[in-house]
file structure_28.cif (mmCIF, C-alpha atoms)
data_target
loop_
_atom_site.label_atom_id
_atom_site.label_comp_id
_atom_site.auth_asym_id
_atom_site.auth_seq_id
_atom_site.Cartn_x
_atom_site.Cartn_y
_atom_site.Cartn_z
CA MET Y 1 9.09 19.49 -19.14
CA GLN Y 2 8.15 17.96 -22.46
CA ASP Y 3 5.06 19.44 -24.02
CA TYR Y 4 3.44 16.26 -25.28
CA LEU Y 5 3.25 14.91 -21.71
CA TYR Y 6 0.98 17.79 -20.74
CA ASP Y 7 -1.11 17.78 -23.91
CA ASN Y 8 -4.74 16.81 -23.38
CA ASN Y 9 -4.78 14.84 -26.60
CA ILE Y 10 -3.46 11.39 -25.76
CA ASP Y 11 -3.20 10.56 -29.48
CA LYS Y 12 -0.29 13.02 -29.67
CA PHE Y 13 1.72 11.03 -27.12
CA PRO Y 14 4.60 8.96 -28.56
CA VAL Y 15 3.58 5.40 -29.41
CA ALA Y 16 4.97 2.24 -27.79
CA MET Y 17 4.71 3.54 -24.23
CA ALA Y 18 2.19 3.32 -21.36
CA TYR Y 19 0.54 6.47 -19.97
CA VAL Y 20 -1.71 7.02 -16.97
CA PRO Y 21 -3.41 10.44 -16.85
CA TRP Y 22 -2.23 12.81 -14.10
CA GLN Y 23 -4.57 13.00 -11.15
CA ARG Y 24 -5.37 16.55 -10.19
CA PHE Y 25 -6.22 16.95 -6.51
CA ASP Y 26 -9.51 18.70 -6.31
CA LYS Y 27 -11.37 17.67 -3.19
CA MET Y 28 -11.00 14.79 -0.76
CA TYR Y 29 -13.98 13.08 0.84
CA ASP Y 30 -15.50 15.27 3.59
CA ASP Y 31 -16.49 12.14 5.48
CA LEU Y 32 -13.14 10.66 6.51
CA GLU Y 33 -14.78 7.55 7.99
CA LYS Y 34 -16.24 6.90 4.53
CA ALA Y 35 -12.85 7.53 2.89
CA PHE Y 36 -11.19 5.07 5.29
CA CYS Y 37 -13.70 2.31 4.46
CA ALA Y 38 -13.41 3.09 0.74
CA GLY Y 39 -9.62 2.78 0.94
CA THR Y 40 -8.93 6.24 -0.53
CA ILE Y 41 -9.55 9.87 0.33
CA PHE Y 42 -9.90 10.70 -3.37
CA PRO Y 43 -13.44 10.27 -4.77
CA GLU Y 44 -12.06 9.94 -8.33
CA LEU Y 45 -9.97 6.90 -7.30
CA ASP Y 46 -12.83 5.15 -5.46
CA LYS Y 47 -13.73 2.28 -7.81
CA PRO Y 48 -15.38 -0.53 -5.82
CA PHE Y 49 -15.76 -4.12 -7.04
CA THR Y 50 -19.34 -5.09 -7.83
CA GLY Y 51 -18.84 -8.59 -9.22
CA ARG Y 52 -21.86 -7.97 -11.46
CA ARG Y 53 -22.20 -6.43 -14.89
CA CYS Y 54 -24.70 -3.65 -15.57
CA VAL Y 55 -24.74 -2.09 -12.12
CA MET G 1 -13.14 12.93 18.56
CA GLY G 2 -14.07 10.10 20.90
CA ASN G 3 -12.88 9.57 24.44
CA ASN G 4 -12.83 5.85 24.82
CA LYS G 5 -9.89 3.72 23.78
CA ASP G 6 -11.36 1.98 20.74
CA GLN G 7 -12.79 5.18 19.29
CA LEU G 8 -9.52 7.06 19.76
CA LEU G 9 -7.56 4.22 18.14
CA ARG G 10 -10.01 4.21 15.23
CA ASP G 11 -9.65 7.98 14.83
CA ILE G 12 -5.85 7.65 14.82
CA GLY G 13 -6.24 4.99 12.14
CA ILE G 14 -8.43 7.27 10.03
CA VAL G 15 -6.13 10.28 10.31
CA GLY G 16 -3.08 8.07 9.75
CA PHE G 17 -4.72 6.76 6.60
CA VAL G 18 -5.47 10.27 5.31
CA LEU G 19 -1.76 11.04 5.77
CA THR G 20 -0.72 7.85 3.93
CA ASP G 21 -2.95 8.62 0.95
CA LEU G 22 -1.86 12.29 0.89
CA SER G 23 1.84 11.41 1.14
CA LEU G 24 1.72 9.11 -1.91
CA TYR G 25 -0.11 11.85 -3.82
CA LEU G 26 2.54 14.38 -2.78
CA ASP G 27 5.33 12.03 -3.90
CA THR G 28 4.13 12.51 -7.47
CA HIS G 29 2.79 16.09 -7.01
CA PRO G 30 5.55 17.68 -4.91
CA PHE G 31 4.40 21.26 -5.55
CA ASP G 32 0.69 20.87 -4.71
CA ARG G 33 0.29 23.41 -1.91
CA ASN G 34 -3.33 22.53 -1.29
CA ALA G 35 -2.40 18.89 -0.56
CA MET G 36 0.53 20.04 1.60
CA GLU G 37 -1.81 22.18 3.72
CA TYR G 38 -4.04 19.17 4.29
CA PHE G 39 -0.99 17.06 5.14
CA ASN G 40 0.31 19.57 7.68
CA HIS G 41 -3.12 19.94 9.27
CA TYR G 42 -3.76 16.20 9.73
CA ASN G 43 -0.17 15.51 10.75
CA ARG G 44 -0.56 17.85 13.73
CA ILE G 45 -3.86 16.23 14.68
CA LYS G 46 -2.38 12.73 14.50
CA HIS G 47 0.55 13.70 16.70
CA GLN G 48 -1.83 15.14 19.33
CA MET G 49 -4.05 12.06 19.30
CA GLU G 50 -1.07 9.69 19.56
CA LYS G 51 0.20 11.62 22.57
CA GLU G 52 -3.21 11.44 24.23
CA PHE G 53 -3.52 7.73 23.45
CA SER G 54 -0.05 7.00 24.80
CA MET G 55 -0.73 8.86 28.05
CA LYS G 56 -4.08 7.16 28.65
CA TYR G 57 -3.48 3.63 27.31
CA PHE G 58 -0.21 2.45 25.73
CA PRO G 59 2.45 3.83 23.35
CA LEU G 60 1.73 3.26 19.64
CA THR G 61 5.23 4.27 18.60
CA ILE G 62 8.62 3.79 20.26
CA ASN G 63 9.15 7.53 20.62
CA MET G 64 6.18 7.63 23.02
CA ALA G 65 7.40 4.66 25.08
CA GLU G 66 9.26 6.41 27.91
CA SER G 67 8.72 4.23 30.98
CA ASN G 68 9.42 4.10 34.72
CA LYS G 69 7.91 1.11 36.51
CA GLU G 70 7.44 -1.26 33.59
CA TRP G 71 8.51 -1.31 29.94
CA ARG G 72 5.33 0.14 28.44
CA TRP G 73 6.29 -0.68 24.84
CA GLY G 74 6.65 -4.37 25.67
CA MET G 75 3.43 -4.51 27.69
CA ALA G 76 1.35 -2.98 24.87
CA PRO G 77 -1.07 -5.28 23.04
CA LEU G 78 -0.08 -6.42 19.54
CA PRO G 79 -2.24 -5.34 16.62
CA TRP G 80 -3.00 -8.84 15.33
CA GLU G 81 -4.60 -9.87 18.63
CA GLY G 82 -7.82 -8.10 17.64
CA GLU G 83 -10.78 -7.37 19.88
CA CYS G 84 -11.80 -11.01 20.12
CA GLY G 85 -8.41 -12.34 21.23
CA MET L 1 15.50 2.33 8.48
CA TRP L 2 11.99 1.83 9.72
CA ASN L 3 9.83 2.56 12.74
CA TYR L 4 6.93 0.42 13.81
CA GLU L 5 3.45 1.62 14.74
CA LYS L 6 1.62 -0.81 17.02
CA ARG L 7 -1.63 -0.72 15.08
CA LEU L 8 -2.93 -2.11 11.79
CA GLU L 9 -3.41 0.20 8.81
CA PHE L 10 -7.05 -0.94 8.79
CA PRO L 11 -8.65 -2.84 11.72
CA VAL L 12 -9.08 -6.63 11.56
CA ASN L 13 -11.42 -8.23 14.13
CA ILE L 14 -12.60 -11.63 12.94
CA LYS L 15 -15.01 -13.48 15.22
CA GLU L 16 -15.32 -16.95 13.68
CA PRO L 17 -12.39 -19.13 12.65
CA ASN L 18 -12.63 -20.40 9.07
CA ALA L 19 -9.76 -22.55 7.81
CA LYS L 20 -11.13 -22.73 4.26
CA LEU L 21 -10.97 -18.96 3.88
CA ALA L 22 -7.53 -18.82 5.50
CA GLN L 23 -6.16 -21.21 2.85
CA VAL L 24 -7.34 -18.87 0.10
CA ILE L 25 -6.38 -15.56 1.68
CA ILE L 26 -2.85 -16.77 2.55
CA SER L 27 -2.07 -16.31 -1.17
CA GLN L 28 -2.01 -12.56 -0.59
CA TYR L 29 0.63 -13.17 2.09
CA GLY L 30 3.15 -15.24 0.16
CA GLY L 31 1.55 -15.95 -3.21
CA PRO L 32 2.64 -14.81 -6.70
CA ASP L 33 0.79 -11.48 -6.46
CA GLY L 34 0.83 -11.17 -2.68
CA GLU L 35 1.95 -8.42 -0.36
CA MET L 36 5.35 -9.95 0.47
CA GLY L 37 6.29 -9.94 -3.20
CA ALA L 38 4.90 -6.42 -3.59
CA SER L 39 6.92 -4.95 -0.72
CA MET L 40 10.14 -6.77 -1.70
CA ARG L 41 9.69 -5.77 -5.36
CA TYR L 42 9.32 -2.03 -4.70
CA LEU L 43 11.87 -1.85 -1.89
CA SER L 44 14.43 -3.63 -4.09
CA GLN L 45 13.70 -1.71 -7.30
CA ARG L 46 14.10 1.73 -5.72
CA TYR L 47 17.92 1.74 -5.78
CA SER L 48 18.04 1.97 -9.56
CA MET L 49 15.53 4.82 -9.93
CA PRO L 50 17.40 7.93 -11.13
CA ASP L 51 14.52 10.23 -10.14
CA ARG L 52 14.61 10.88 -6.39
CA ASN L 53 10.85 11.43 -6.19
CA VAL L 54 10.19 8.11 -7.92
CA ALA L 55 12.62 6.30 -5.59
CA GLY L 56 10.84 7.98 -2.67
CA LEU L 57 7.46 6.81 -3.97
CA LEU L 58 8.74 3.22 -4.24
CA THR L 59 9.94 3.47 -0.63
CA ASP L 60 6.58 4.77 0.59
CA ILE L 61 4.48 2.27 -1.37
CA GLY L 62 6.86 -0.56 -0.37
CA THR L 63 6.39 0.52 3.24
CA GLU L 64 2.61 0.57 2.89
CA GLU L 65 2.81 -2.95 1.42
CA LEU L 66 4.52 -4.07 4.63
CA ALA L 67 1.48 -2.77 6.52
CA HIS L 68 -0.72 -4.76 4.10
CA LEU L 69 1.43 -7.84 4.70
CA GLU L 70 0.69 -7.46 8.40
CA MET L 71 -3.05 -7.06 7.72
CA VAL L 72 -3.18 -10.22 5.58
CA ALA L 73 -1.18 -12.16 8.20
CA THR L 74 -3.61 -10.92 10.86
CA ILE L 75 -6.58 -12.12 8.81
CA VAL L 76 -4.99 -15.58 8.40
CA HIS L 77 -4.03 -15.69 12.08
CA GLN L 78 -7.52 -14.75 13.27
CA LEU L 79 -9.18 -17.18 10.84
CA THR L 80 -7.06 -20.08 12.16
CA ARG L 81 -6.79 -19.45 15.90
CA ASN L 82 -9.03 -21.57 18.15
CA LEU L 83 -9.57 -24.15 15.38
CA SER L 84 -10.64 -27.58 16.61
CA MET L 85 -8.97 -30.75 15.26
CA GLU L 86 -12.32 -31.66 13.74
CA GLU L 87 -12.48 -28.36 11.81
CA ILE L 88 -8.88 -28.76 10.66
CA GLU L 89 -9.61 -32.20 9.19
CA LYS L 90 -13.00 -31.26 7.74
CA SER L 91 -11.82 -28.07 6.00
CA GLY L 92 -8.82 -29.60 4.22
CA PHE L 93 -6.42 -27.66 6.43
CA ALA L 94 -4.52 -30.78 7.57
CA PRO L 95 -1.66 -30.57 5.00
CA TYR L 96 -0.84 -26.99 6.09
CA TYR L 97 -1.36 -27.84 9.76
CA VAL L 98 1.06 -30.74 9.71
CA ASP L 99 3.94 -28.46 8.67
CA HIS L 100 3.02 -25.18 10.37
CA THR L 101 0.33 -25.93 13.04
CA VAL L 102 -1.52 -22.60 12.90
CA GLY L 103 1.56 -20.43 12.37
CA VAL L 104 1.54 -17.99 9.44
CA TRP L 105 3.99 -19.05 6.71
CA PRO L 106 4.37 -17.24 3.37
CA GLN L 107 2.93 -19.50 0.69
CA ALA L 108 0.46 -19.31 -2.19
CA ALA L 109 -3.04 -20.78 -1.94
CA SER L 110 -1.67 -23.71 -3.94
CA GLY L 111 0.94 -24.39 -1.23
CA PHE L 112 3.82 -23.08 -3.35
CA PRO L 113 6.30 -21.24 -1.07
CA PHE L 114 7.08 -17.55 -1.38
CA THR L 115 9.91 -16.91 -3.81
CA ALA L 116 11.72 -13.86 -5.18
CA ALA L 117 11.35 -15.52 -8.60
CA GLN L 118 7.82 -14.06 -8.65
CA PHE L 119 9.07 -10.53 -9.20
CA GLN L 120 11.85 -8.76 -11.07
CA VAL L 121 14.37 -6.01 -10.54
CA THR L 122 15.64 -5.28 -14.04
CA GLY L 123 17.51 -2.11 -13.13
CA ASP L 124 15.72 -0.30 -15.96
CA PRO L 125 13.28 2.32 -14.58
CA VAL L 126 10.75 2.14 -17.44
CA THR L 127 10.69 -1.66 -17.32
CA ASP L 128 10.43 -1.87 -13.51
CA LEU L 129 7.66 0.73 -13.30
CA THR L 130 5.73 -1.07 -16.06
CA GLU L 131 6.02 -4.28 -14.01
CA ASP L 132 4.76 -2.36 -10.97
CA LEU L 133 1.65 -1.22 -12.87
CA ALA L 134 0.94 -4.85 -13.79
CA ALA L 135 1.68 -6.02 -10.24
CA GLU L 136 -1.00 -3.71 -8.82
CA GLN L 137 -3.52 -4.99 -11.37
CA LYS L 138 -2.67 -8.63 -10.60
CA ALA L 139 -3.10 -8.05 -6.87
CA ARG L 140 -6.39 -6.25 -7.55
CA THR L 141 -7.66 -9.22 -9.57
CA THR L 142 -6.65 -11.60 -6.77
CA TYR L 143 -8.63 -9.51 -4.27
CA ASP L 144 -11.60 -9.49 -6.69
CA ASN L 145 -11.40 -13.30 -6.79
CA ILE L 146 -11.21 -13.48 -2.98
CA LEU L 147 -14.20 -11.15 -2.63
CA ARG L 148 -16.34 -13.54 -4.71
CA LEU L 149 -15.55 -16.28 -2.20
CA ILE L 150 -16.41 -14.46 1.02
CA LYS L 151 -19.58 -13.14 2.55
CA GLU L 152 -18.44 -12.49 6.14
CA PRO L 153 -18.34 -8.67 6.64
CA ASP L 154 -15.51 -8.88 9.22
CA VAL L 155 -13.30 -10.47 6.52
CA CYS L 156 -14.76 -8.53 3.56
CA GLU L 157 -14.08 -5.03 4.89
CA PRO L 158 -10.28 -5.30 5.24
CA ILE L 159 -10.07 -7.16 1.88
CA LYS L 160 -12.05 -4.37 0.18
CA PHE L 161 -9.70 -1.84 1.74
CA LEU L 162 -6.63 -3.70 0.46
CA ARG L 163 -8.14 -3.96 -3.02
CA ALA L 164 -8.82 -0.21 -3.12
CA ARG L 165 -5.17 0.50 -2.29
CA GLU L 166 -4.05 -1.43 -5.39
CA ILE L 167 -5.95 1.05 -7.59
CA VAL L 168 -4.43 4.06 -5.81
CA HIS L 169 -0.93 2.54 -6.15
CA PHE L 170 -1.57 1.87 -9.85
CA GLN L 171 -2.34 5.57 -10.32
CA ARG L 172 0.83 6.60 -8.46
CA PHE L 173 3.06 4.21 -10.45
CA GLY L 174 1.50 5.60 -13.62
CA GLU L 175 2.44 9.10 -12.50
CA ALA L 176 5.94 7.89 -11.57
CA LEU L 177 6.30 6.49 -15.09
CA ARG L 178 5.26 9.88 -16.48
CA MET L 179 7.93 11.54 -14.33
CA THR L 180 10.48 9.07 -15.71
CA GLN L 181 9.35 9.62 -19.33
CA ASP L 182 9.63 13.36 -18.79
CA LYS L 183 13.41 13.02 -18.49
CA LEU L 184 13.73 10.88 -21.63
CA ASP L 185 13.45 11.72 -25.30
CA GLY L 186 9.98 10.82 -26.60
CA LYS L 187 11.40 10.24 -30.08
CA ASN L 188 13.00 7.09 -28.68
CA PHE L 189 12.29 6.21 -25.06
CA TYR L 190 14.40 3.11 -25.46
CA ALA L 191 17.66 4.60 -26.74
CA PHE L 192 19.45 3.89 -23.47
CA ASN L 193 18.87 2.85 -19.85
CA PRO L 194 18.86 6.08 -17.77
CA ALA L 195 19.95 4.08 -14.71
CA PHE L 196 22.99 2.61 -16.44
CA ASP L 197 24.20 4.08 -19.72
CA ARG L 198 26.55 7.03 -19.79
CA CYS L 199 27.54 9.41 -22.49
CA LYS L 200 31.18 9.45 -23.58
CA ASP L 201 30.99 13.05 -24.69
CA CYS L 202 28.61 14.66 -22.20
CA ASP L 203 30.74 17.83 -22.25
CA ASP L 204 30.40 18.26 -26.00
CA LYS L 205 26.69 17.46 -26.06
CA PRO L 206 25.03 18.76 -22.87
CA ASP L 207 21.63 17.90 -24.35
CA CYS L 208 22.50 14.27 -25.01
CA GLY L 209 19.79 13.28 -22.51
CA CYS L 210 21.85 10.94 -20.36
CA ASN L 211 21.39 13.24 -17.31
CA ASN L 212 24.97 12.70 -16.21
#
call {"tool": "encode", "arguments": {"input": "structure_28.cif", "output": "structure tokens"}}
result
Amino acid sequence: MQDYLYDNNIDKFPVAMAYVPWQRFDKMYDDLEKAFCAGTIFPELDKPFTGRRCV
Amino acid sequence: MGNNKDQLLRDIGIVGFVLTDLSLYLDTHPFDRNAMEYFNHYNRIKHQMEKEFSMKYFPLTINMAESNKEWRWGMAPLPWEGECG
Amino acid sequence: MWNYEKRLEFPVNIKEPNAKLAQVIISQYGGPDGEMGASMRYLSQRYSMPDRNVAGLLTDIGTEELAHLEMVATIVHQLTRNLSMEEIEKSGFAPYYVDHTVGVWPQAASGFPFTAAQFQVTGDPVTDLTEDLAAEQKARTTYDNILRLIKEPDVCEPIKFLRAREIVHFQRFGEALRMTQDKLDGKNFYAFNPAFDRCKDCDDKPDCGCNN
């Protein structure tokens, strides 16, 4: 395990590389029907398309 | 969970989806015990529902396709037919 | 090997045929950022992933993409079945129809056939995973563009589902890249290809980082 990869300060990560933050599993949707329609059980990954700015 | 065919199939779809999303999460978080408990729980439920569905309607997987009079796997509707086929 | 489940990952029940929509949506079957390319990309790249968990993730996402391929094909099939000759001519579907009737053939919306030239397998884990991140974004954009073109809820719902999966896959590929970085030296991620290069003197330098 390399420390910088678990540092909260992304500016300390080595340059010239792509990083996606780790997802930490907290809670999945209680309503599984809703999760199914949303396409994910994870509320933090539910990012629907609006097709409009400022909504 | 529902008794009729469409509702049971929908419920299998929902639980199957929960397992898909959890399994990808576990692929990158292989020591997350909380997620593993959820996975084990819903995996058992899905297996039960698939067994019930296979007994009442048709087999969804080949391992539930044991047949006597007719080849039940071959007689089963195909998923792209849809409800309006 | 694989086993088949006789159900879709997300239900598709389209009531009205619509050849115009089918011609657009078919791009996610065999187009440059479609599901066929996605599944073939991940299922081909996995052999050169040194990390077993990352290779496993590529297998599982590649498998899910096959389920998406089936969903997109189902949408195209249900949008084109029971089409009248009049509708085929009116909707500009005749060029497709003359070659394929209403069969489902992997092509882009432009008519360009599916080709493996639309994706890469470089055999370098960092490079391939970075392509995979971009691939998920490109597919997401394509679904955004499709969503602007459709109002019908029975077509919208499965498309919204497929779009949401691209975002989840992006997150997982990002985490897979982190797992890959974790086994490399951050001072120079690009010193060697962990799927190819070996160390001549691994015995003398156990911390050389080549993992062999």
call {"tool": "closest_residue", "arguments": {"input": "structure_28.cif", "among": "L:Arg165, L:Gln78, L:Val121, L:Ala94", "to": "Glu64 of chain L", "atoms": "only C-alpha atoms"}}
result
L:Arg165
call {"tool": "interface_residues", "arguments": {"input": "structure_28.cif", "of": "chain Y", "to": "chain G", "cutoff": "12 Å", "atoms": "all atoms listed in the file", "output": "list in words"}}
result
Trp22, Gln23, Arg24, Phe25, Asp26, Lys27, Met28, Tyr29, Asp30, Asp31, Leu32, Glu33, Lys34, Ala35, Phe36, Cys37, Ala38, Gly39, Thr40, Ile41, Phe42 and Leu45 of chain Y
call {"tool": "resolve_selection", "arguments": {"input": "structure_28.cif", "expression": "the PyMOL selection byres ((chain L and resi 56) around 12)", "output": "count of residues only"}}
result
30
call {"tool": "atom_distance", "arguments": {"input": "structure_28.cif", "atom1": "atom CA of Ala73 of chain L", "atom2": "atom CA of Arg148 of chain L"}}
result
20.0 Å
call {"tool": "closest_residue", "arguments": {"input": "structure_28.cif", "among": "L:Glu5, L:Glu157, L:Glu65, L:Glu87", "to": "chain G", "atoms": "only C-alpha atoms"}}
result
L:Glu5
call {"tool": "atom_distance", "arguments": {"input": "structure_28.cif", "atom1": "atom CA of Met71 of chain L", "atom2": "atom CA of Leu8 of chain L"}}
result
6.4 Å
call {"tool": "resolve_selection", "arguments": {"input": "structure_28.cif", "expression": "the PyMOL selection byres ((chain G) within 6 of (chain L))", "output": "number ranges by chain"}}
result
G: 27, 60-61, 79-80, 82-83
call {"tool": "write_last_selection", "arguments": {"input": "structure_28.cif", "atoms": "C-alpha atoms", "output": "compact mmCIF listing (two decimals), keeping the file's coordinate frame"}}
result
# COMPACT_ATOMS: atom_id res chain seq x y z
CA ASP G 27 5.33 12.03 -3.90
CA LEU G 60 1.73 3.26 19.64
CA THR G 61 5.23 4.27 18.60
CA PRO G 79 -2.24 -5.34 16.62
CA TRP G 80 -3.00 -8.84 15.33
CA GLY G 82 -7.82 -8.10 17.64
CA GLU G 83 -10.78 -7.37 19.88
call {"tool": "closest_residue", "arguments": {"input": "structure_28.cif", "among": "L:Asp154, L:Asp182, L:Asp128, L:Glu35", "to": "chain Y", "atoms": "all atoms listed in the file"}}
result
L:Asp182
call {"tool": "axis_aligned_box", "arguments": {"input": "structure_28.cif", "around": "segment 58-61 of chain G", "padding_each_side": "4 Å", "output": "lines of an AutoDock Vina configuration file"}}
result
center_x = 2.5
center_y = 3.4
center_z = 22.2
size_x = 13.4
size_y = 9.8
size_z = 15.1
call {"tool": "closest_residue", "arguments": {"input": "structure_28.cif", "among": "L:Asn188, L:Asn193, L:Ser110, L:Thr130", "to": "Val15 of chain Y", "atoms": "all atoms listed in the file"}}
result
L:Asn188
call {"tool": "residues_around", "arguments": {"input": "structure_28.cif", "residues": "Phe53 of chain G", "least_positions_apart": "5", "cutoff": "9 Å", "atoms": "only C-alpha atoms", "output": "list in words"}}
result
Lys5, Leu8, Leu9, Ile12, Gln48, Phe58, Pro59 and Leu60 of chain G
call {"tool": "atom_distance", "arguments": {"input": "structure_28.cif", "atom1": "atom CA of Ala108 of chain L", "atom2": "atom CA of Pro32 of chain L"}}
result
6.7 Å
call {"tool": "build_atoms", "arguments": {"input": "structure_28.cif", "residues": "segment 69-87 of chain L", "atoms": "N, CA, C and O atoms", "output": "compact mmCIF listing (two decimals), keeping the file's coordinate frame"}}
result
# COMPACT_ATOMS: atom_id res chain seq x y z
N LEU L 69 0.94 -6.50 4.36
CA LEU L 69 1.43 -7.84 4.70
C LEU L 69 0.97 -8.21 6.12
O LEU L 69 0.50 -9.32 6.37
N GLU L 70 1.09 -7.23 7.01
CA GLU L 70 0.69 -7.46 8.40
C GLU L 70 -0.83 -7.65 8.51
O GLU L 70 -1.31 -8.47 9.29
N MET L 71 -1.58 -6.90 7.70
CA MET L 71 -3.05 -7.06 7.72
C MET L 71 -3.44 -8.45 7.23
O MET L 71 -4.32 -9.11 7.82
N VAL L 72 -2.83 -8.91 6.13
CA VAL L 72 -3.18 -10.22 5.58
C VAL L 72 -2.80 -11.32 6.58
O VAL L 72 -3.57 -12.25 6.84
N ALA L 73 -1.62 -11.19 7.20
CA ALA L 73 -1.18 -12.16 8.20
C ALA L 73 -2.16 -12.19 9.37
O ALA L 73 -2.49 -13.26 9.90
N THR L 74 -2.65 -11.01 9.76
CA THR L 74 -3.61 -10.92 10.86
C THR L 74 -4.91 -11.64 10.49
O THR L 74 -5.49 -12.35 11.31
N ILE L 75 -5.35 -11.45 9.26
CA ILE L 75 -6.58 -12.12 8.81
C ILE L 75 -6.38 -13.64 8.89
O ILE L 75 -7.22 -14.36 9.44
N VAL L 76 -5.26 -14.13 8.37
CA VAL L 76 -4.99 -15.58 8.40
C VAL L 76 -4.88 -16.07 9.84
O VAL L 76 -5.48 -17.09 10.21
N HIS L 77 -4.19 -15.32 10.67
CA HIS L 77 -4.03 -15.69 12.08
C HIS L 77 -5.39 -15.78 12.78
O HIS L 77 -5.68 -16.75 13.48
N GLN L 78 -6.22 -14.76 12.57
CA GLN L 78 -7.52 -14.75 13.27
C GLN L 78 -8.49 -15.78 12.69
O GLN L 78 -9.39 -16.24 13.40
N LEU L 79 -8.30 -16.15 11.43
CA LEU L 79 -9.18 -17.18 10.84
C LEU L 79 -8.77 -18.59 11.29
O LEU L 79 -9.53 -19.53 11.11
N THR L 80 -7.53 -18.73 11.81
CA THR L 80 -7.06 -20.08 12.16
C THR L 80 -6.89 -20.28 13.66
O THR L 80 -6.65 -21.41 14.09
N ARG L 81 -6.97 -19.23 14.46
CA ARG L 81 -6.79 -19.45 15.90
C ARG L 81 -8.08 -20.08 16.45
O ARG L 81 -9.17 -19.88 15.93
N ASN L 82 -7.91 -20.86 17.51
CA ASN L 82 -9.03 -21.57 18.15
C ASN L 82 -9.71 -22.58 17.22
O ASN L 82 -10.89 -22.87 17.39
N LEU L 83 -9.00 -23.10 16.23
CA LEU L 83 -9.57 -24.15 15.38
C LEU L 83 -9.55 -25.48 16.14
O LEU L 83 -8.57 -25.80 16.79
N SER L 84 -10.63 -26.24 16.01
CA SER L 84 -10.64 -27.58 16.61
C SER L 84 -10.00 -28.57 15.62
O SER L 84 -9.93 -28.30 14.42
N MET L 85 -9.54 -29.72 16.14
CA MET L 85 -8.97 -30.75 15.26
C MET L 85 -10.00 -31.20 14.23
O MET L 85 -9.66 -31.47 13.07
N GLU L 86 -11.25 -31.24 14.65
CA GLU L 86 -12.32 -31.66 13.74
C GLU L 86 -12.43 -30.67 12.56
O GLU L 86 -12.51 -31.09 11.40
N GLU L 87 -12.40 -29.38 12.88
CA GLU L 87 -12.48 -28.36 11.81
C GLU L 87 -11.26 -28.43 10.89
O GLU L 87 -11.39 -28.24 9.68
